[in-house]
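Each remark here refers to the structure printed beneath this line.
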Amino acid sequence: MAEPGPAVRRRSRPARKRSRAPVQLRAAASPLACKRLSPSVEEASAEPPVWAAGGECTNDSEEDMFGDCDSFYGNDSLLAQVDDMEQVYLQDKDMDIKAAGEFMLGNLQSGTDQRKQSDFSTSENAAGHKVERDDGFQMNENDLIDNKEEPEHREGNTEFPMVSKCDLSKRESLKDHLKSAMTGNAKAQTPLVSKTKQLKEAILSEEICVARKTIESSDDDIGPFYGLPSKVKDLLRQFRGIETLYEWQHDCLTLESLHQRKNLIYSLPTSGGKTLVAEILILQELLCRQKDVLMILPYVAIVQEKVWGLSSFGVELGFLVEEYAGSKGRFPPIKRRIKNSLYIATIEKGHALVNSLIETERIDHLGLVVVDELHMLGEGSRGAVLEMTLAKILYTSKNTQIIGMSATLNNVGDLQKFLQADYYTNNFRPVELKEYIKIRDTIYEVDGKAENGFTFSRLLSFKYSSNLEKADPDHIIALVTEVIPKYSCLIFCPTKKNCENVASMVCKYLNKEFRAHREKEKKDLIKNLKTIGNGSICPVLKHTIPFGIAYHHSGLTNDERKGIEEAYSAGVLCLLACTATLAAGVNLPARRVILRAPYVAREFLKKNQYKQMIGRAGRAGIDSAGESILIVQEKDKQLVQDLVNSPLENCYSNLLPEFTKGIQSLLLSLVGLKIAVTLEEIYSFMCHTLLGVQQQLLSKEKSLLDIIKEGVENLIENGLLKGKISEKDGNSQSILAITQLGKAAYKGSIDLAYCNALYRELKKGLEGLVLESNLHLLYLATPYDMIYNCNPDWMIYLRQFNQLSAAEQRVADIVGVPESFITKKASGQAIRKNVDSAIINRLYLSFVLYTLLKETNVWSVSEKFNMSRGYVQSLLTSAASFASCVLHFCEELEEFWVYKALLTELTKQLTYCVKAELIPLMEVAGVLEARAKQLYNAGYKTLAHLANANPETLVKMIEHLSRRQAKQIVSSAKMLLSEKAEALQEEVDELLRMPADIPGAC
């Protein structure tokens, strides 16, 4: 939409008093003004101004349409100047028409008698229309000079033509022309742009400009709101209810190290407000420094929640929020023309994104990387991937700042050295946390000053019957009923089955009065869960929810989990029995946290895990204190005593333990990305990793260089690298190169342990790919890491096999699972021929996926295969992600060209697994299948429908939808629509840049 502006570009002159226009509006046109933020979608609905008699705009926000020119009255009036100019024009017969026009316009602009104006670049009327002459002079459609020029002038004749009185008499006077132009401008349709919003955006633009300058300067004062426009503060109040920052947050944001753009690690207890500091730093980078930002989070659910939460800020402040999780994410990301991007990614997707930015030489445009849960550097293969990502950023970009945060860090010195970072820590917690342990019926308070770490607190006074004592020997009911239903409570259990048992047991002995608490909302929740399950609901949940109790673990579907989380956050549910995954997942705090046992599955609790769990106790702004109670058996007393008094575990590199997902994968990508292509360069890089920092922990038998040589030789043997490694010193400079298979492996993020197996199976598929259905493709897209937890039910296996068509049954023969083998296993007969169990399990899981895509109903499929619905959903999510990886793998190998189109469509089907009409709605962050069905049935059938929806209307039409959720859905839809529009524009621009001799080029 064109912005209203002055008719011509003005020359500088002494300032004069304006008749009406607000001074602040000049900011938007200032040459020093920063790039403006994109206007929000709502501006399109702004009402046009109303003009009163005499040409005065009755809308107070409208700007004077004659710009800096003064009023019509007085000696210095506009028309008086025109009269003077016309007289000069008539007297000077040797003056060219163009020169006269320029002379007159120059005086109109400057308000002086100067006659030096010779070039005008742009002229706009009130409607924003321009007319460009052949000589470069641009005018309005109703301009001061007739468009019919003399032919000599258009052809570039340098002599000024003589103008006779006869010629002049054929023209209207300049004064009449100007009057006509003014009348036309006044009558012209005014653009539908709210000047009030323009004023606000002008102020916002100026504040960003000031913020950018002050951040780059050495002053301590960094602007209205930590280097950000004051609108950010308003949005935090509007979207988050945050009025002021904690003192530690202010201290952290004003650190000299941040001012100097040094890397930073900061650590505070859970619920201390770490994320808000990171978000403010992210907004500084996006808005003030105009760079892209990568935010790395540990789990898909948290990525989706963060995309959902920050989309509103993106819509209001003019940046894009892009999700990189599961199968979502574009490699390399689109290079945006105007807006900057905030990439929110899982650890694995973040690594792939950084690889693509390095490969396309765009890593320097990544201004900031924020890592949440930095302690995950020490956690298995995911820690290894995170270490690779950060090491590559540190090595390849000197302009990218890294911010890491965690609640549980110990050996900070190693991490500081690795990240070349400063460190900030604080013990602040908005709500005091009191730790207790319970042995039998006695509760002790954790006290570091006491001799054994505990001091006596109280005895439980709950009266137990003999039956109740047998059913609840750990007195969970006594602990729970002290807080619910008035306050909320979490019970962390070692296993999923234990969660369900505890929830059922508590309900069995609760007073019936608990059912009356928010009864209607509980009935609505049950109704909603039935809708999600297509009429089915878990019997345990059906029994427990009326009491305000539910379980929460990976056995639930995504829709069920989201519904239960929302009900708990709203206070409809007051107790959740959950597994440890909730502690590191979504933010669900409680007044009291109970640890059912000091175990996670069969493993004894680690200090990091313990801190994560008890950190959920205490709700800021609601509770005055939070409590954690760890239930301990007598046999575990000493272990628990050591646990609560011990320091946090150290964070060690996992590059070496996770061989194929760690150091081998890193070495392959270093050569593939040409970061390091000789042993010497690789060794130099490895010294800058966390493994390099912790070299003293390596065994004496093998040095870091020995480990590198061994890894490279292994990659060469497997056909992933080319080159020779010799013991001779002279060969340390020999250049390594990546093979096409190696390139496919690292670009597809394929675990090197499965790389050759995947290649063989894809190659075999080319010999006879069965395309009657997508079963064969599904087998190829079934993730390898899921097969080890699979125990096929052979009767179900045989039943599902017999339901296949003859062509589909041929798939089993092709992959290596004959019908006779399945039949004998189902009948319990002895089998002489060995069949690879990995292939057997993989085919079985592909049957599950095949059935799921046909029925799109997790409940019915889980019943058919006797699997938990959560496992089926997890399989689906993993398969979608792996299908995306296989697609990128095939894109690098020309022989697999046929798979590209097939896997693109399959990935989309696996990602959403719904009817085709719901897919556009499910692309919106926070919208799952059940919500998508509600929206579709209510008439919101496209992304545009959602983007233009009124949140208040959505609340009225959609059941169980809060105002906050409605606003976030609309914001997410707007964000996605904006992102798609940007992507399309990029493609158009790319096509226009194509050389004409390329076939198909414009």
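Residue numbering restarts at 1 for every chain of the structure tokens, chains are lettered A, B, ... in their displayed order, and ligands are numbered from 1 as they appear.
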
Exercise for the section: Do a neighbour search on range 564-576 of chain A at 8 Å with only C-alpha atoms, toss out local chain neighbours closer than 6 positions, and write the hits as an MDAnalysis selection string. Expected result: chainID A and resid 484:491 503 518 521:522 525 545 548:552 588

Can you spit out the residues from that selection as an mmCIF file, in the first residue's frame, using N, CA and C atoms?
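Full text of part.cif as output:
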data_model
loop_
_atom_site.group_PDB
_atom_site.id
_atom_site.type_symbol
_atom_site.label_atom_id
_atom_site.label_comp_id
_atom_site.auth_asym_id
_atom_site.auth_seq_id
_atom_site.Cartn_x
_atom_site.Cartn_y
_atom_site.Cartn_z
ATOM 1 N N ILE A 484 -4.857 -30.233 47.272
ATOM 2 C CA ILE A 484 -5.937 -30.187 46.273
ATOM 3 C C ILE A 484 -7.287 -30.171 46.980
ATOM 4 N N PRO A 485 -8.331 -29.638 46.337
ATOM 5 C CA PRO A 485 -8.382 -29.077 44.989
ATOM 6 C C PRO A 485 -8.057 -27.574 44.929
ATOM 7 N N LYS A 486 -7.836 -26.948 46.090
ATOM 8 C CA LYS A 486 -7.595 -25.510 46.100
ATOM 9 C C LYS A 486 -6.312 -25.158 45.362
ATOM 10 N N TYR A 487 -5.281 -25.965 45.558
ATOM 11 C CA TYR A 487 -3.994 -25.726 44.902
ATOM 12 C C TYR A 487 -3.661 -26.895 43.975
ATOM 13 N N SER A 488 -2.646 -26.714 43.153
ATOM 14 C CA SER A 488 -2.280 -27.760 42.196
ATOM 15 C C SER A 488 -1.129 -28.608 42.720
ATOM 16 N N CYS A 489 -1.016 -29.815 42.162
ATOM 17 C CA CYS A 489 -0.017 -30.768 42.630
ATOM 18 C C CYS A 489 0.457 -31.640 41.457
ATOM 19 N N LEU A 490 1.756 -31.957 41.444
ATOM 20 C CA LEU A 490 2.335 -32.882 40.463
ATOM 21 C C LEU A 490 2.938 -34.058 41.209
ATOM 22 N N ILE A 491 2.702 -35.280 40.701
ATOM 23 C CA ILE A 491 3.349 -36.476 41.262
ATOM 24 C C ILE A 491 4.212 -37.085 40.158
ATOM 25 N N ALA A 503 -2.836 -42.369 39.713
ATOM 26 C CA ALA A 503 -4.022 -41.530 39.460
ATOM 27 C C ALA A 503 -5.300 -42.276 39.832
ATOM 28 N N ARG A 518 -15.649 -27.491 39.978
ATOM 29 C CA ARG A 518 -15.614 -27.170 38.539
ATOM 30 C C ARG A 518 -16.139 -28.342 37.693
ATOM 31 N N GLU A 521 -16.791 -27.900 33.786
ATOM 32 C CA GLU A 521 -15.585 -27.848 32.963
ATOM 33 C C GLU A 521 -14.937 -29.231 32.811
ATOM 34 N N LYS A 522 -15.056 -30.060 33.860
ATOM 35 C CA LYS A 522 -14.532 -31.427 33.760
ATOM 36 C C LYS A 522 -15.331 -32.240 32.748
ATOM 37 N N LEU A 525 -14.218 -31.281 29.392
ATOM 38 C CA LEU A 525 -12.923 -31.884 29.062
ATOM 39 C C LEU A 525 -13.108 -33.328 28.607
ATOM 40 N N ILE A 545 -10.759 -37.973 35.730
ATOM 41 C CA ILE A 545 -11.006 -36.547 35.440
ATOM 42 C C ILE A 545 -12.136 -35.953 36.285
ATOM 43 N N GLY A 548 -10.799 -34.328 39.088
ATOM 44 C CA GLY A 548 -9.785 -33.302 38.834
ATOM 45 C C GLY A 548 -8.388 -33.870 38.714
ATOM 46 N N ILE A 549 -8.281 -35.143 38.366
ATOM 47 C CA ILE A 549 -6.990 -35.842 38.329
ATOM 48 C C ILE A 549 -6.803 -36.477 36.945
ATOM 49 N N ALA A 550 -5.544 -36.483 36.465
ATOM 50 C CA ALA A 550 -5.232 -37.135 35.187
ATOM 51 C C ALA A 550 -3.780 -37.589 35.219
ATOM 52 N N TYR A 551 -3.420 -38.431 34.274
ATOM 53 C CA TYR A 551 -2.012 -38.804 34.120
ATOM 54 C C TYR A 551 -1.448 -38.097 32.880
ATOM 55 N N HIS A 552 -0.124 -38.020 32.795
ATOM 56 C CA HIS A 552 0.531 -37.311 31.687
ATOM 57 C C HIS A 552 1.843 -38.030 31.372
ATOM 58 N N LEU A 588 4.527 -26.357 33.415
ATOM 59 C CA LEU A 588 3.339 -26.654 34.214
ATOM 60 C C LEU A 588 3.729 -26.654 35.695
#

Excluding Ala737 in chain A and residues on its chain fewer than 6 positions from it, collect all residues at most 9 Å away from it, counting only C-alpha atoms, and give them as a tab-separated table (two decimals) with N, CA and C atoms, in the first residue's frame.
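The file below, result03.tsv, is the result:
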chain	number	residue	atom	x	y	z
A	671	VAL	N	34.75	-32.07	6.35
A	671	VAL	CA	35.31	-32.20	5.01
A	671	VAL	C	34.28	-31.80	3.96
A	672	GLY	N	33.03	-32.24	4.16
A	672	GLY	CA	31.97	-31.92	3.19
A	672	GLY	C	31.71	-30.44	3.07
A	674	LYS	N	33.92	-28.22	3.72
A	674	LYS	CA	35.23	-27.60	3.45
A	674	LYS	C	35.67	-26.66	4.57
A	677	VAL	N	39.94	-29.72	5.59
A	677	VAL	CA	40.10	-30.79	4.60
A	677	VAL	C	41.45	-31.50	4.71
A	720	LEU	N	32.87	-43.06	2.37
A	720	LEU	CA	32.26	-41.75	2.61
A	720	LEU	C	33.25	-40.60	2.38
A	721	LEU	N	34.55	-40.91	2.50
A	721	LEU	CA	35.60	-39.93	2.21
A	721	LEU	C	36.59	-40.53	1.22
A	722	LYS	N	37.31	-39.65	0.52
A	722	LYS	CA	38.38	-40.06	-0.38
A	722	LYS	C	39.68	-39.42	0.08
A	723	GLY	N	40.79	-40.18	-0.04
A	723	GLY	CA	42.09	-39.67	0.37
A	723	GLY	C	42.88	-40.77	1.03

Handout entry: Point-to-point distance in Å for CA of Gly380 in chain A and CA of Gly367 in chain A
Key =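 Between these atoms lies a distance of 28.0 Å.
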
Sorted by chain and rising residue number, which residues of range 235-265 of chain A lie within 6 Å of range 421-442 of chain A, and what are their closest atom pairs and distances in Å to one decimal, counting only C-alpha atoms, as CSV?
residue,atom,partner,partner_atom,distance
A:Asn263,CA,A:Ala421,CA,4.4
A:Leu264,CA,A:Ala421,CA,4.8
A:Ile265,CA,A:Tyr423,CA,4.9

Practice task
Find the residues near Ala391 in chain A: any atom within 8 Å, counting only C-alpha atoms, skip ones fewer than 5 places away on the same chain, and give them as a list in words.
Solution key: Leu419, His688 and Thr689 of chain A

Exercise for the section: Could you give me, as a PyMOL selection string, each residue of range 310-416 of chain A that DSSP assigns to alpha helix (DSSP H) when run on this structure's backbone? Expected result: chain A and resi 310-317+347-359+380-396+412-416

Problem - Contact residues around Thr400 in chain A with only C-alpha atoms at 12 Å, ignoring same-chain residues under 2 positions, as a PyMOL selection string - result: chain A and resi 261-264+285+289+291-294+354+362-370+390-398+402-403+419

Completion exercise
One decimal place gives the CA of Ser669 in chain A-CA of Leu736 in chain A separation as 11.7 Å

Handout entry: Atom-to-atom span, CA of Ser962 in chain A and CA of Gln873 in chain A, Å
Key =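 For CA of Ser962 in chain A relative to CA of Gln873 in chain A, the distance reads 26.0 Å.
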
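Of the residues in range 566-606 of chain A, those given strand (DSSP E or B) by DSSP on the backbone are Leu575, Leu576, Ala577, Cys578, Ala590, Arg592, Val593, Ile594, Leu595, Tyr599, Val600, Glu603 and Phe604 of chain A.
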
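Take the candidates A:Val914, A:Leu643, A:Leu595, A:Ile725 and check each one against Ile629 in chain A using only C-alpha atoms; the shortest distance goes to A:Leu595.
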
Fill in the blank from the handout: Closest of A:Gln238, A:Asn645, A:Lys335, A:Ser653 to Asp989 in chain A, counting only C-alpha atoms, is A:Lys335

Problem - 10 Å contact set for range 328-334 of chain A, only C-alpha atoms, chain neighbours under 6 positions out, as JSON, numbers by chain - result: {"A": [322, 341, 343, 344, 345, 349, 350, 352, 353, 354, 355, 356, 357, 358, 359, 360, 362, 747, 880, 881, 884, 888, 907, 908, 911, 923, 979, 982, 983, 986, 987]}
